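Q: Next comes target_18.cif, mmCIF, C-alpha atoms:
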```cif
data_structure
loop_
_atom_site.label_atom_id
_atom_site.label_comp_id
_atom_site.auth_asym_id
_atom_site.auth_seq_id
_atom_site.Cartn_x
_atom_site.Cartn_y
_atom_site.Cartn_z
CA MET A 172 68.56 -187.03 267.70
CA ASN A 173 72.07 -186.39 266.38
CA ASP A 174 72.21 -186.45 262.56
CA THR A 175 75.94 -185.69 262.39
CA PRO A 176 77.77 -188.44 260.43
CA GLY A 177 80.18 -190.61 262.39
CA ILE A 178 83.93 -190.63 261.85
CA PRO A 179 83.94 -193.69 259.49
CA ALA A 180 81.29 -192.06 257.29
CA ARG A 181 83.22 -188.78 257.19
CA VAL A 182 86.44 -190.61 256.31
CA LEU A 183 84.69 -192.57 253.53
CA ALA A 184 83.12 -189.41 252.09
CA SER A 185 86.48 -187.63 252.15
CA VAL A 186 88.22 -190.55 250.42
CA LYS A 187 85.56 -190.65 247.68
CA ALA A 188 85.80 -186.90 247.12
CA GLY A 189 89.60 -187.10 247.07
CA LEU A 190 89.64 -189.94 244.54
CA ALA A 191 87.26 -188.06 242.24
CA ALA A 192 89.38 -184.91 242.42
CA GLY A 193 92.56 -186.98 242.01
CA LEU A 194 91.25 -188.58 238.82
CA LYS A 195 90.58 -185.19 237.23
CA THR A 196 94.02 -183.87 238.18
CA THR A 197 95.78 -187.06 237.04
CA LEU A 198 94.14 -186.93 233.60
CA PHE A 199 95.03 -183.25 233.28
CA LEU A 200 98.70 -183.78 234.22
CA ALA A 201 99.10 -186.93 232.12
CA GLY A 202 97.59 -185.13 229.12
CA ILE A 203 100.40 -182.60 229.33
CA MET A 204 103.33 -184.68 230.57
CA VAL A 205 103.11 -187.59 228.13
CA PRO A 206 103.18 -185.60 224.85
CA VAL A 207 105.76 -183.17 226.23
CA SER A 208 108.13 -185.94 227.31
CA LEU A 209 107.72 -187.69 223.92
CA GLY A 210 108.43 -184.45 222.10
CA VAL A 211 111.57 -183.83 224.14
CA ALA A 212 112.72 -187.43 223.61
CA LEU A 213 112.36 -186.96 219.85
CA LEU A 214 114.18 -183.61 219.96
CA GLY A 215 117.00 -185.20 221.91
CA TRP A 216 117.25 -188.16 219.52
CA THR A 217 117.35 -185.94 216.42
CA GLY A 218 119.99 -183.66 217.93
CA ALA A 219 117.71 -180.62 218.03
CA LEU A 220 118.30 -180.16 221.77
CA ALA A 221 122.05 -180.13 221.27
CA TRP A 222 121.61 -177.56 218.49
CA GLY A 223 119.50 -175.39 220.78
CA ALA A 224 122.15 -175.69 223.48
CA ARG A 225 124.78 -174.37 221.07
CA LEU A 226 122.59 -171.35 220.39
CA LEU A 227 122.40 -170.64 224.13
CA SER A 228 126.14 -170.94 224.67
CA PRO A 229 126.73 -167.14 224.70
CA VAL A 230 124.13 -166.77 227.45
CA MET A 231 125.89 -169.42 229.52
CA HIS A 232 129.19 -167.59 229.18
CA LEU A 233 127.57 -164.44 230.63
CA VAL A 234 126.92 -166.27 233.92
CA GLY A 235 130.29 -167.98 234.14
CA LEU A 236 129.31 -171.33 232.65
CA PRO A 237 130.71 -173.26 229.66
CA GLY A 238 128.54 -173.36 226.55
CA GLU A 239 127.68 -177.05 226.91
CA ALA A 240 125.99 -176.28 230.23
CA ALA A 241 123.06 -174.98 228.17
CA LEU A 242 122.08 -178.60 227.50
CA VAL A 243 121.60 -179.11 231.25
CA LEU A 244 119.36 -176.06 231.47
CA LEU A 245 117.31 -177.10 228.43
CA SER A 246 116.84 -180.59 229.85
CA SER A 247 115.49 -179.16 233.09
CA VAL A 248 113.28 -176.57 231.36
CA PHE A 249 111.61 -179.16 229.15
CA LEU A 250 111.71 -182.09 231.57
CA ASN A 251 112.80 -182.30 235.21
CA ILE A 252 115.65 -182.31 237.70
CA TYR A 253 116.41 -186.01 237.08
CA SER A 254 117.16 -185.36 233.41
CA ALA A 255 119.29 -182.31 234.27
CA ILE A 256 121.41 -184.34 236.70
CA ALA A 257 121.78 -187.09 234.11
CA VAL A 258 123.19 -184.56 231.62
CA ILE A 259 125.51 -183.07 234.28
CA GLY A 260 127.02 -186.54 234.61
CA THR A 261 128.10 -186.42 230.96
CA LEU A 262 129.98 -183.11 231.27
CA THR A 263 133.23 -181.95 232.82
CA LEU A 264 132.21 -179.24 235.31
CA THR A 265 133.58 -177.81 238.54
CA MET A 266 131.43 -177.93 241.67
CA ARG A 267 131.12 -174.13 241.40
CA GLU A 268 129.59 -174.49 237.93
CA ILE A 269 127.35 -177.32 239.05
CA THR A 270 126.10 -175.18 241.95
CA ILE A 271 125.14 -172.32 239.61
CA LEU A 272 123.46 -174.76 237.23
CA ALA A 273 121.62 -176.46 240.09
CA VAL A 274 120.01 -173.20 241.23
CA MET A 275 119.04 -172.32 237.64
CA CYS A 276 117.45 -175.74 237.15
CA LEU A 277 115.62 -175.62 240.48
CA ILE A 278 114.01 -172.33 239.46
CA ALA A 279 113.25 -173.08 235.82
CA HIS A 280 112.57 -176.83 235.58
CA ASN A 281 109.54 -178.64 234.13
CA MET A 282 108.48 -175.33 232.58
CA ILE A 283 105.85 -176.54 230.10
CA VAL A 284 103.90 -178.70 232.54
CA GLU A 285 104.08 -176.30 235.47
CA THR A 286 103.22 -173.27 233.32
CA ALA A 287 100.14 -175.07 232.03
CA VAL A 288 99.11 -175.72 235.64
CA MET A 289 99.74 -172.10 236.60
CA LYS A 290 97.63 -170.92 233.66
CA LYS A 291 94.81 -173.24 234.70
CA ILE A 292 94.93 -171.67 238.15
CA GLY A 293 94.62 -168.24 236.56
CA SER A 294 98.13 -166.81 236.27
CA SER A 295 99.51 -165.36 233.04
CA ALA A 296 101.51 -168.09 231.28
CA PHE A 297 103.71 -165.49 229.58
CA LYS A 298 104.48 -163.75 232.85
CA MET A 299 105.30 -166.99 234.66
CA VAL A 300 107.72 -168.10 231.92
CA VAL A 301 109.46 -164.71 231.83
CA LEU A 302 109.56 -164.57 235.63
CA ARG A 303 111.13 -168.00 236.04
CA LEU A 304 113.65 -167.70 233.21
CA GLY A 305 114.57 -164.19 234.31
CA ALA A 306 114.93 -165.31 237.93
CA ALA A 307 117.13 -168.26 236.88
CA LEU A 308 119.46 -166.02 234.87
CA PHE A 309 119.55 -163.33 237.56
CA MET A 310 120.39 -165.83 240.28
CA ALA A 311 123.07 -167.43 238.08
CA TRP A 312 124.63 -164.00 237.47
CA LEU A 313 124.53 -163.24 241.20
CA LEU A 314 126.07 -166.58 242.18
CA ASP A 315 128.77 -166.16 239.56
CA ALA A 316 129.66 -162.87 241.27
CA VAL A 317 129.75 -164.22 244.84
CA LEU A 318 130.87 -167.86 244.65
CA PRO A 319 134.62 -168.40 245.05
CA PHE A 320 136.52 -169.88 242.14
CA GLY A 321 138.31 -173.19 242.29
CA GLY A 322 137.30 -176.80 242.70
CA THR A 323 138.09 -180.07 241.02
CA ALA A 324 136.48 -180.81 237.69
CA ARG A 325 134.12 -183.75 237.46
CA VAL A 326 135.05 -186.55 235.10
CA ALA A 327 132.91 -186.92 232.01
CA VAL A 328 131.44 -190.41 232.03
CA GLU A 329 129.29 -190.59 228.92
CA ALA A 330 130.40 -187.74 226.68
CA GLY A 331 131.13 -190.02 223.75
CA ALA A 332 128.03 -192.18 224.07
CA ALA A 333 126.58 -193.28 220.73
CA GLN A 334 123.07 -192.36 219.70
CA LYS A 335 120.52 -195.07 220.46
CA PRO A 336 118.56 -196.64 217.60
CA PHE A 337 115.11 -195.06 217.22
CA TRP A 338 113.11 -198.00 218.55
CA ASP A 339 115.45 -198.42 221.53
CA MET A 340 114.97 -194.72 222.32
CA LEU A 341 111.21 -195.11 222.01
CA ALA A 342 111.20 -198.18 224.26
CA ALA A 343 113.26 -196.35 226.88
CA TRP A 344 110.86 -193.40 226.67
CA GLY A 345 107.87 -195.70 227.08
CA LEU A 346 109.33 -197.33 230.19
CA SER A 347 110.23 -193.99 231.81
CA THR A 348 106.79 -192.61 230.95
CA LEU A 349 105.10 -195.59 232.55
CA ARG A 350 107.11 -194.97 235.73
CA LEU A 351 106.12 -191.30 235.55
CA LEU A 352 102.42 -192.17 235.22
CA LEU A 353 102.62 -194.52 238.20
CA LYS A 354 104.22 -191.73 240.20
CA ILE A 355 101.50 -189.29 239.13
CA VAL A 356 98.71 -191.68 240.10
CA THR A 357 100.28 -192.52 243.47
CA LEU A 358 101.15 -188.96 244.48
CA VAL A 359 98.12 -187.11 243.15
CA PHE A 360 95.52 -189.51 244.51
CA SER A 361 97.29 -189.62 247.88
CA ILE A 362 97.53 -185.83 248.07
CA MET A 363 93.90 -185.23 247.11
CA VAL A 364 92.59 -187.81 249.58
CA LEU A 365 94.83 -186.38 252.30
CA GLN A 366 93.61 -182.87 251.54
CA LYS A 367 89.96 -183.87 251.84
CA LEU A 368 90.62 -185.69 255.11
CA LEU A 369 92.54 -182.74 256.56
CA GLU A 370 89.78 -180.35 255.52
CA GLU A 371 87.04 -182.58 256.92
CA PHE A 372 88.72 -182.75 260.32
CA LYS A 373 89.78 -179.06 260.32
CA VAL A 374 93.52 -179.85 260.24
CA THR A 375 94.11 -177.43 257.35
CA THR A 376 92.64 -174.68 259.51
CA LEU A 377 95.08 -175.60 262.27
CA LEU A 378 98.00 -175.64 259.80
CA SER A 379 96.99 -172.22 258.54
CA ARG A 380 97.10 -170.84 262.07
CA ILE A 381 100.46 -172.47 262.85
CA PHE A 382 102.13 -171.31 259.64
CA ALA A 383 100.34 -167.95 259.44
CA PRO A 384 103.37 -165.98 260.72
CA VAL A 385 105.61 -167.64 258.11
CA MET A 386 103.12 -166.96 255.31
CA ARG A 387 102.91 -163.31 256.37
CA VAL A 388 106.70 -163.00 256.15
CA PHE A 389 106.57 -164.60 252.70
CA GLY A 390 103.86 -162.14 251.65
CA LEU A 391 101.38 -164.95 251.01
CA PRO A 392 97.80 -165.34 252.28
CA GLU A 393 97.41 -167.43 255.43
CA ASP A 394 95.29 -170.00 253.59
CA ALA A 395 98.34 -170.82 251.43
CA SER A 396 99.95 -172.77 254.29
CA PHE A 397 98.84 -176.23 253.21
CA LEU A 398 99.62 -175.46 249.55
CA TRP A 399 103.12 -174.34 250.50
CA ILE A 400 103.73 -177.56 252.43
CA VAL A 401 102.47 -179.75 249.57
CA SER A 402 104.42 -177.95 246.85
CA ASN A 403 107.64 -178.25 248.82
CA VAL A 404 107.21 -181.86 249.87
CA VAL A 405 106.02 -183.45 246.59
CA GLY A 406 106.47 -180.67 244.01
CA TYR A 407 104.31 -178.04 242.39
CA ALA A 408 102.68 -180.02 239.58
CA TYR A 409 101.64 -182.92 241.82
CA GLY A 410 100.10 -180.52 244.32
CA ALA A 411 98.31 -178.47 241.66
CA GLY A 412 95.03 -180.26 242.21
CA VAL A 413 94.92 -178.89 245.75
CA ILE A 414 95.19 -175.32 244.50
CA VAL A 415 92.59 -175.80 241.76
CA ALA A 416 90.19 -177.44 244.21
CA ARG A 417 90.54 -174.66 246.78
CA ILE A 418 89.83 -171.98 244.19
CA ARG A 419 86.88 -173.90 242.74
CA GLU A 420 85.42 -174.38 246.22
CA GLY A 421 85.89 -170.70 247.10
CA LYS A 422 88.45 -171.45 249.82
CA MET A 423 91.15 -169.37 248.15
CA LYS A 424 90.87 -166.20 246.08
CA SER A 425 92.38 -166.06 242.61
CA GLN A 426 94.57 -163.12 243.69
CA GLY A 427 96.05 -165.25 246.47
CA ALA A 428 96.61 -168.20 244.14
CA ASP A 429 98.39 -165.96 241.65
CA LEU A 430 100.65 -164.63 244.42
CA PHE A 431 101.37 -168.21 245.45
CA ASN A 432 102.42 -168.95 241.85
CA HIS A 433 104.88 -166.05 241.98
CA HIS A 434 106.49 -167.71 245.01
CA ALA A 435 106.24 -171.34 243.92
CA GLY A 436 107.44 -170.57 240.40
CA ILE A 437 110.82 -169.68 241.89
CA SER A 438 110.93 -171.84 245.00
CA HIS A 439 109.19 -175.19 245.40
CA SER A 440 110.10 -178.85 245.97
CA LEU A 441 112.54 -177.91 248.71
CA LEU A 442 112.61 -181.56 249.80
CA GLU A 443 113.07 -183.92 246.84
CA ASP A 444 114.78 -181.71 244.25
CA THR A 445 117.14 -180.23 246.84
CA ALA A 446 118.08 -183.73 248.02
CA LEU A 447 118.88 -184.81 244.45
CA PHE A 448 121.47 -182.07 244.01
CA MET A 449 122.84 -182.58 247.51
CA ALA A 450 123.47 -186.19 246.50
CA ILE A 451 126.00 -185.00 243.90
CA GLY A 452 127.72 -182.66 246.34
CA VAL A 453 125.99 -179.28 246.00
CA PRO A 454 125.84 -177.48 249.40
CA LEU A 455 122.40 -177.19 251.01
CA PHE A 456 122.75 -173.45 251.66
CA TRP A 457 123.10 -172.53 247.99
CA LEU A 458 120.24 -174.83 246.99
CA VAL A 459 117.71 -173.32 249.41
CA VAL A 460 118.56 -169.82 250.62
CA PRO A 461 119.02 -167.98 247.29
CA ARG A 462 115.79 -169.13 245.64
CA LEU A 463 113.69 -168.90 248.81
CA SER A 464 114.96 -165.36 249.40
CA LEU A 465 114.27 -164.38 245.80
CA ALA A 466 110.78 -165.90 245.94
CA VAL A 467 109.94 -163.82 249.01
CA ALA A 468 111.32 -160.66 247.36
CA VAL A 469 109.35 -161.28 244.16
CA VAL A 470 106.07 -161.74 246.04
CA TRP A 471 106.54 -158.52 248.00
CA LEU A 472 107.43 -156.62 244.83
CA GLU A 473 104.29 -158.00 243.21
CA ARG A 474 102.21 -156.96 246.20
CA ILE A 475 103.64 -153.44 245.98
CA ARG A 476 102.90 -153.35 242.25
CA ARG A 477 99.32 -154.44 242.83
CA HIS A 478 98.82 -151.81 245.50
CA ARG A 479 100.27 -149.08 243.33
CA PHE A 480 98.25 -150.04 240.26
CA ARG A 481 95.27 -151.63 242.02
CA ARG A 482 92.70 -149.97 239.74
CA SER A 483 94.15 -151.56 236.62
CA PHE A 484 95.37 -154.85 238.15
CA LYS A 485 93.70 -158.05 237.00
CA VAL A 486 94.76 -161.60 237.82
CA GLY A 487 96.01 -163.53 234.81
CA THR A 488 97.48 -160.49 233.05
CA VAL A 489 101.01 -159.19 233.01
#
```
I need this file expressed as structure tokens, please.
A:
Amino acid sequence: MNDTPGIPARVLASVKAGLAAGLKTTLFLAGIMVPVSLGVALLGWTGALAWGARLLSPVMHLVGLPGEAALVLLSSVFLNIYSAIAVIGTLTLTMREITILAVMCLIAHNMIVETAVMKKIGSSAFKMVVLRLGAALFMAWLLDAVLPFGGTARVAVEAGAAQKPFWDMLAAWGLSTLRLLLKIVTLVFSIMVLQKLLEEFKVTTLLSRIFAPVMRVFGLPEDASFLWIVSNVVGYAYGAGVIVARIREGKMKSQGADLFNHHAGISHSLLEDTALFMAIGVPLFWLVVPRLSLAVAVVWLERIRRHRFRRSFKVGTV
């Protein structure tokens, strides 16, 4: 007598497991994203973000950008690519400057939320922050050295916009946060259910075999294939539940997850975030090739470091 469950039973079990895992991940992400976004909204309303941008102006000048460009970087660091692009629309910048800013933002966006996820996975929060900020500045310096000068300045469209009344700002924040929560619920639950289904029917094993050569070139473990696909299709934070689940279930070692964070911290969301900057005219090559190349280099340097100091290496430390 065959006691193996049928396909409908296996699908139902996978969906239930995915929904349970999705709920945990959704609560975790919402618990970080909501207070962070409120805090940033308050900082923006009080003018604290603009003050911080003025402090960073000298750093912007070092990489060939005007001082006000710091506000774009701060918006991406504390929030996301959407907010960075919104701020770009209020400034007068050349396409060359926007390209440099775009790469910086793609590397160092959503820092608080994504760092919290990386720490939960086991990476050092301090190291991830330093790595991403350092990589963003290094890549900006490099692009400033190689990109040709010239280009037509964009027209500032909202530079003189008046400050919103407090309650209007709070209402706008509430509406955007509600949209964010709906996105979290939709994406995270879908990803977790999909992951369980793919694992149940051995598709993740197949994906690992197909993408194994690519992962080896990237310096990542072969079992990172599915994680790499998820983080580049829907973003790192939304795919974090997959990584946490794989570690908890013993399907991925903490060393491999930490290596994956070194890569994903610099290069992830190659689909959506890249498309957003392409929509305002930034060339695809500069959006993808520099950060993907740097991510590969960083992982291999980390692997060399671990081999050289393997006796003292411990995941989660600097």
Q: Mind pulling up the distance from CA of Leu455 in chain A to CA of Val234 in chain A?
A: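 For CA of Val234 in chain A relative to CA of Leu455 in chain A, the distance reads 20.8 Å.
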Q: Separation of CA of Gly345 in chain A and CA of Leu209 in chain A, in Å?
A: 8.6 Å
Q: Report the distance between CA of Arg417 in chain A and CA of Asn281 in chain A in Å, rounded to one decimal place.
A: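 For CA of Arg417 in chain A relative to CA of Asn281 in chain A, the distance reads 23.2 Å.
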Q: I would like the residues chosen by the PyMOL selection byres ((chain A and resi 220) around 12) on the shown file; could you give them as an MDAnalysis selection string?
A: chainID A and resid 210:219 221:227 239 241:250 258
Q: Decode the PyMOL selection byres ((chain A and resi 267-280) around 7) for the given file into explicit residues and return them as a ChimeraX atom specification.
A: /A:236,244,247-252,264-266,281-282,303-304,307-308,311,314,320,322,436-438,448,453,458
Q: Let's have the selection written as a compact mmCIF listing (two decimals), in the coordinates of the input, with C-alpha atoms.
A:
```
# COMPACT_ATOMS: atom_id res chain seq x y z
CA LEU A 236 129.31 -171.33 232.65
CA LEU A 244 119.36 -176.06 231.47
CA SER A 247 115.49 -179.16 233.09
CA VAL A 248 113.28 -176.57 231.36
CA PHE A 249 111.61 -179.16 229.15
CA LEU A 250 111.71 -182.09 231.57
CA ASN A 251 112.80 -182.30 235.21
CA ILE A 252 115.65 -182.31 237.70
CA LEU A 264 132.21 -179.24 235.31
CA THR A 265 133.58 -177.81 238.54
CA MET A 266 131.43 -177.93 241.67
CA ASN A 281 109.54 -178.64 234.13
CA MET A 282 108.48 -175.33 232.58
CA ARG A 303 111.13 -168.00 236.04
CA LEU A 304 113.65 -167.70 233.21
CA ALA A 307 117.13 -168.26 236.88
CA LEU A 308 119.46 -166.02 234.87
CA ALA A 311 123.07 -167.43 238.08
CA LEU A 314 126.07 -166.58 242.18
CA PHE A 320 136.52 -169.88 242.14
CA GLY A 322 137.30 -176.80 242.70
CA GLY A 436 107.44 -170.57 240.40
CA ILE A 437 110.82 -169.68 241.89
CA SER A 438 110.93 -171.84 245.00
CA PHE A 448 121.47 -182.07 244.01
CA VAL A 453 125.99 -179.28 246.00
CA LEU A 458 120.24 -174.83 246.99
```
Q: On this file, the PyMOL selection byres ((chain A and resi 368) around 10) gives some set of residues; write that set as a list in words.
A: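 That selection, the PyMOL selection byres ((chain A and resi 368) around 10), comes back as Arg181, Val182, Leu183, Ala184, Ser185, Val186, Ala188, Gly189, Ile362, Met363, Val364, Leu365, Gln366, Lys367, Leu369, Glu370, Glu371, Phe372, Lys373, Val374 and Thr375 of chain A.
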Q: Measuring atom to atom with only C-alpha atoms, identify which of A:Met310, A:Ile203, A:Ile256, A:Ala287 is nearest to Ala446 in chain A.
A: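 The answer is A:Ile256, which sits nearest to Ala446 in chain A.
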Q: Could you tell me which of A:Ala450, A:Ile292, A:Leu442, A:Asn432 comes closest to Glu473 in chain A if we count all atoms listed in the file?
A: A:Asn432
Q: Using only C-alpha atoms, pick whichever of A:Lys290, A:His434, A:His439, A:Arg462 has the shortest atom-to-atom distance to Pro392 in chain A.
A: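 Of the candidates, the smallest distance to Pro392 in chain A is held by A:His434.
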Q: Leaving out range 379-391 of chain A and any residue of its chain fewer than 4 positions from it, which residues lie within 10 Å of it when counting only C-alpha atoms, given as a list in words?
A: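 The filter keeps Val374, Thr375, Ala395, Ser396, Phe397, Leu398, Trp399, Ile400, Gly427, Ala428, Asp429, Leu430, Phe431, His433, His434, Leu463, Ser464, Ala466, Val467, Ala468, Val469, Val470, Trp471, Leu472, Glu473 and Arg474 of chain A.
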Q: Given the choices A:Leu377, A:Leu351, A:Ser361, A:Gln426, which gets closest to Tyr253 in chain A if the distance is worked out from only C-alpha atoms?
A: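 Checking each of A:Leu377, A:Leu351, A:Ser361, A:Gln426 against Tyr253 in chain A, counting only C-alpha atoms, the winner is A:Leu351.
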